[in-house]
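Down below is the structure, laid out as structure tokens.
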There are 2 protein chains.
Amino acid sequence: MTYLNIGQIAKRTGVTVEAIRFYEKQALLPEPRRSASGYRQYLPETAKRVRFIQRAKELGFSLKEVNALLSLRDTQDGSCADVKVQALQKVSEIEQKIRDLNRIRDALTELAEKCGGRGDLSECPILDALDEIEDFADGSS
Amino acid sequence: MTYLNIGQIAKRTGVTVEAIRFYEKQALLPEPRRSASGYRQYLPETAKRVRFIQRAKELGFSLKEVNALLSLRDTQDGSCADVKVQALQKVSEIEQKIRDLNRIRDALTELAEKCGGRGDLSECPILDALDEIEDFADGSS
DNA sequence: CTTGACCCTGAAGTACACTTCAAGGTCTAT
DNA sequence: ATAGACCTTGAAGTGTACTTCAGGGTCAAG
């Protein structure tokens, strides 16, 4: 049969069995088919979904947000226009994250370059590179 | 005087007073100067650092990781070569995050485009777009 | 010289995302 | 048919990142 039990999903994704059950409880994963004896039986695609959850978490999305992302794909109620609005909203959030990560990456790259690989930190004042992040306006009051 | 008290830092950063004190306890912020009466007195630059902490958190870095990033800049011990190695390591982690975010953004953009803004979800099967994320190898066993 | 907005500390409480535990049933190989 | 690796549930425990509470001191305005 093409079904996988929870341990096999765990192995394929690197996520613990317990975490997978937890995701089910949180409705991030649909309740799977069960064997006669009550074992969960997953389609192999479930592993994709679990990996997506992991990745999204590493990118700073809460499980609630991951759920919202997945629901954009899953949901059967609500209009397509709603989905579009939400998707575009998420896109702009994500683009902000990408910009921020680029800023941090550039600062770290500059830092590494200026360090040349030898000398001690007193010869590396360019560690200020990170201060170039957030170089704009303060609060207004 | 050029010093700001904790409430002013909070206002400029959008981070609560309590969280700022918490960051100090966790050594993400250096212990500031104190007034005669014990009030914390911050240099305005501290706001930059606090905003950096917030941004980095939103990008999926734990406070411990943020600390490591900030330490790359701050530290006075350890050789510059060490800093370089760590910085480049972080750069590749960050580049992975950027790739993942690009994947999610592209999928969401595609989803939004195909939705055209009207019709209901039964006319939007492209919600499968997100499945194109993680399109590669399964576990090896 | 008091009122209200601010600051201080330490301790306890909360939300999130799990992990561990307890107590037990199932499956496969020998 | 029994050992060992798997699966089940529910409840309690853990680490992170705060927030709230209790009890009090400080500062600027009127």
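Identifiers for the structure tokens are assigned positionally: chains receive A, B, ... in sequence, residues are indexed from 1 per chain, and ligands are indexed from 1 in the order shown.
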**OP:** Excluding DT20 in chain D and any residue of its chain fewer than 2 positions from it, enumerate the residues within 12 Å of it, using only C-alpha atoms (C1' of nucleotides), and give them as JSON, numbers by chain.
**Re:** {"B": [18], "C": [11, 12, 13, 14], "D": [18, 22]}
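Residue list for chain A within 10 Å of chain C: Thr16, Glu18, Ala19, Phe22, Tyr23, Ser37, Gly38, Tyr39, Ser62, Leu63 and Lys64 of chain A, counting only C-alpha atoms (C1' of nucleotides).
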**OP:** Check the smallest atom-to-atom distance from each of A:Thr2, A:Ser35, A:Ile104, A:Leu28 to chain D using only C-alpha atoms (C1' of nucleotides), then report the winner.
**Re:** A:Ser35
**OP:** Once DSSP has gone over the backbone, tell me which residues of range 16-125 of chain A are in strand (DSSP E), as a PyMOL selection string.
**Re:** chain A and resi 33-34+40-41
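Each of D:DA12, D:DG30, D:DT19, D:DA5 was compared to chain A using only C-alpha atoms (C1' of nucleotides), and D:DA5 turns out to be the nearest.
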Subject >> Residues within 12 Å of Ser92 in chain B, only C-alpha atoms (C1' of nucleotides), excluding chain neighbours under 3 positions, as a PyMOL selection string >> reply: (chain A and resi 101-102+104-106+108-109) or (chain B and resi 85-89+95-99)
Please save N, CA and C atoms of the selected residues as a tab-separated table (two decimals), in the first residue's frame.
chain	number	residue	atom	x	y	z
A	101	LEU	N	16.69	40.62	5.09
A	101	LEU	CA	17.73	39.58	5.06
A	101	LEU	C	18.87	40.01	4.13
A	102	ASN	N	18.54	40.64	3.02
A	102	ASN	CA	19.58	41.14	2.13
A	102	ASN	C	20.46	42.16	2.83
A	104	ILE	N	21.06	42.38	6.05
A	104	ILE	CA	21.92	41.71	7.02
A	104	ILE	C	23.03	40.95	6.30
A	105	ARG	N	22.66	40.29	5.23
A	105	ARG	CA	23.68	39.55	4.47
A	105	ARG	C	24.76	40.48	3.95
A	106	ASP	N	24.36	41.61	3.39
A	106	ASP	CA	25.35	42.55	2.87
A	106	ASP	C	26.28	43.06	3.96
A	108	LEU	N	27.04	41.54	6.74
A	108	LEU	CA	27.94	40.47	7.18
A	108	LEU	C	29.02	40.20	6.14
A	109	THR	N	28.64	40.30	4.87
A	109	THR	CA	29.62	40.09	3.81
A	109	THR	C	30.70	41.17	3.85
B	85	VAL	N	34.92	33.72	9.64
B	85	VAL	CA	34.35	32.39	9.44
B	85	VAL	C	32.88	32.37	9.87
B	86	GLN	N	32.63	32.92	11.03
B	86	GLN	CA	31.25	32.92	11.54
B	86	GLN	C	30.33	33.78	10.67
B	87	ALA	N	30.87	34.90	10.22
B	87	ALA	CA	30.07	35.80	9.39
B	87	ALA	C	29.69	35.11	8.08
B	88	LEU	N	30.65	34.43	7.48
B	88	LEU	CA	30.38	33.78	6.20
B	88	LEU	C	29.41	32.62	6.37
B	89	GLN	N	29.50	31.97	7.51
B	89	GLN	CA	28.56	30.89	7.81
B	89	GLN	C	27.14	31.46	7.89
B	95	GLU	N	21.31	33.27	3.08
B	95	GLU	CA	21.01	33.09	1.65
B	95	GLU	C	20.02	31.95	1.44
B	96	GLN	N	20.09	30.95	2.28
B	96	GLN	CA	19.10	29.87	2.20
B	96	GLN	C	17.70	30.40	2.54
B	97	LYS	N	17.65	31.22	3.59
B	97	LYS	CA	16.36	31.81	3.97
B	97	LYS	C	15.80	32.65	2.83
B	98	ILE	N	16.68	33.40	2.18
B	98	ILE	CA	16.23	34.25	1.08
B	98	ILE	C	15.68	33.39	-0.06
B	99	ARG	N	16.37	32.30	-0.35
B	99	ARG	CA	15.88	31.39	-1.40
B	99	ARG	C	14.50	30.84	-1.05
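Those residues of chain D that fall within 12 Å of chain A when using only C-alpha atoms (C1' of nucleotides) read DA5, DC6, DC7, DT8 and DT9 of chain D.
Nearest residue to chain B among A:Ala36, A:Leu4, A:Leu29, A:Ala10 is A:Ala10, counting only C-alpha atoms.
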Original post:
If we count only C-alpha atoms (C1' of nucleotides), what is near Phe61 in chain A at a cut-off of 10 Å, once residues fewer than 6 positions away on the same chain are taken out, given as number ranges by chain?
Top reply: A: 53-55, 67-69; B: 58-60
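Each of A:Ile20, A:Glu113, A:Gln41, A:Val66 was checked against chain B using only C-alpha atoms; the smallest atom-to-atom distance is that of A:Glu113.
Going from CA of Asp100 in chain A over to CA of Arg12 in chain B, you cover 18.8 Å.
Shortest separation to chain B among A:Leu70, A:Gln26, A:Arg21, A:Arg33 occurs at residue A:Leu70, atoms counted being only C-alpha atoms.
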Original post:
For chain B, which residue out of A:Arg34, A:Lys84, A:Lys90, A:Arg49 is the nearest one, using only C-alpha atoms?
Top reply: A:Lys84
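From CA of Thr13 in chain B back to CA of Arg51 in chain B, the distance works out to 5.8 Å.
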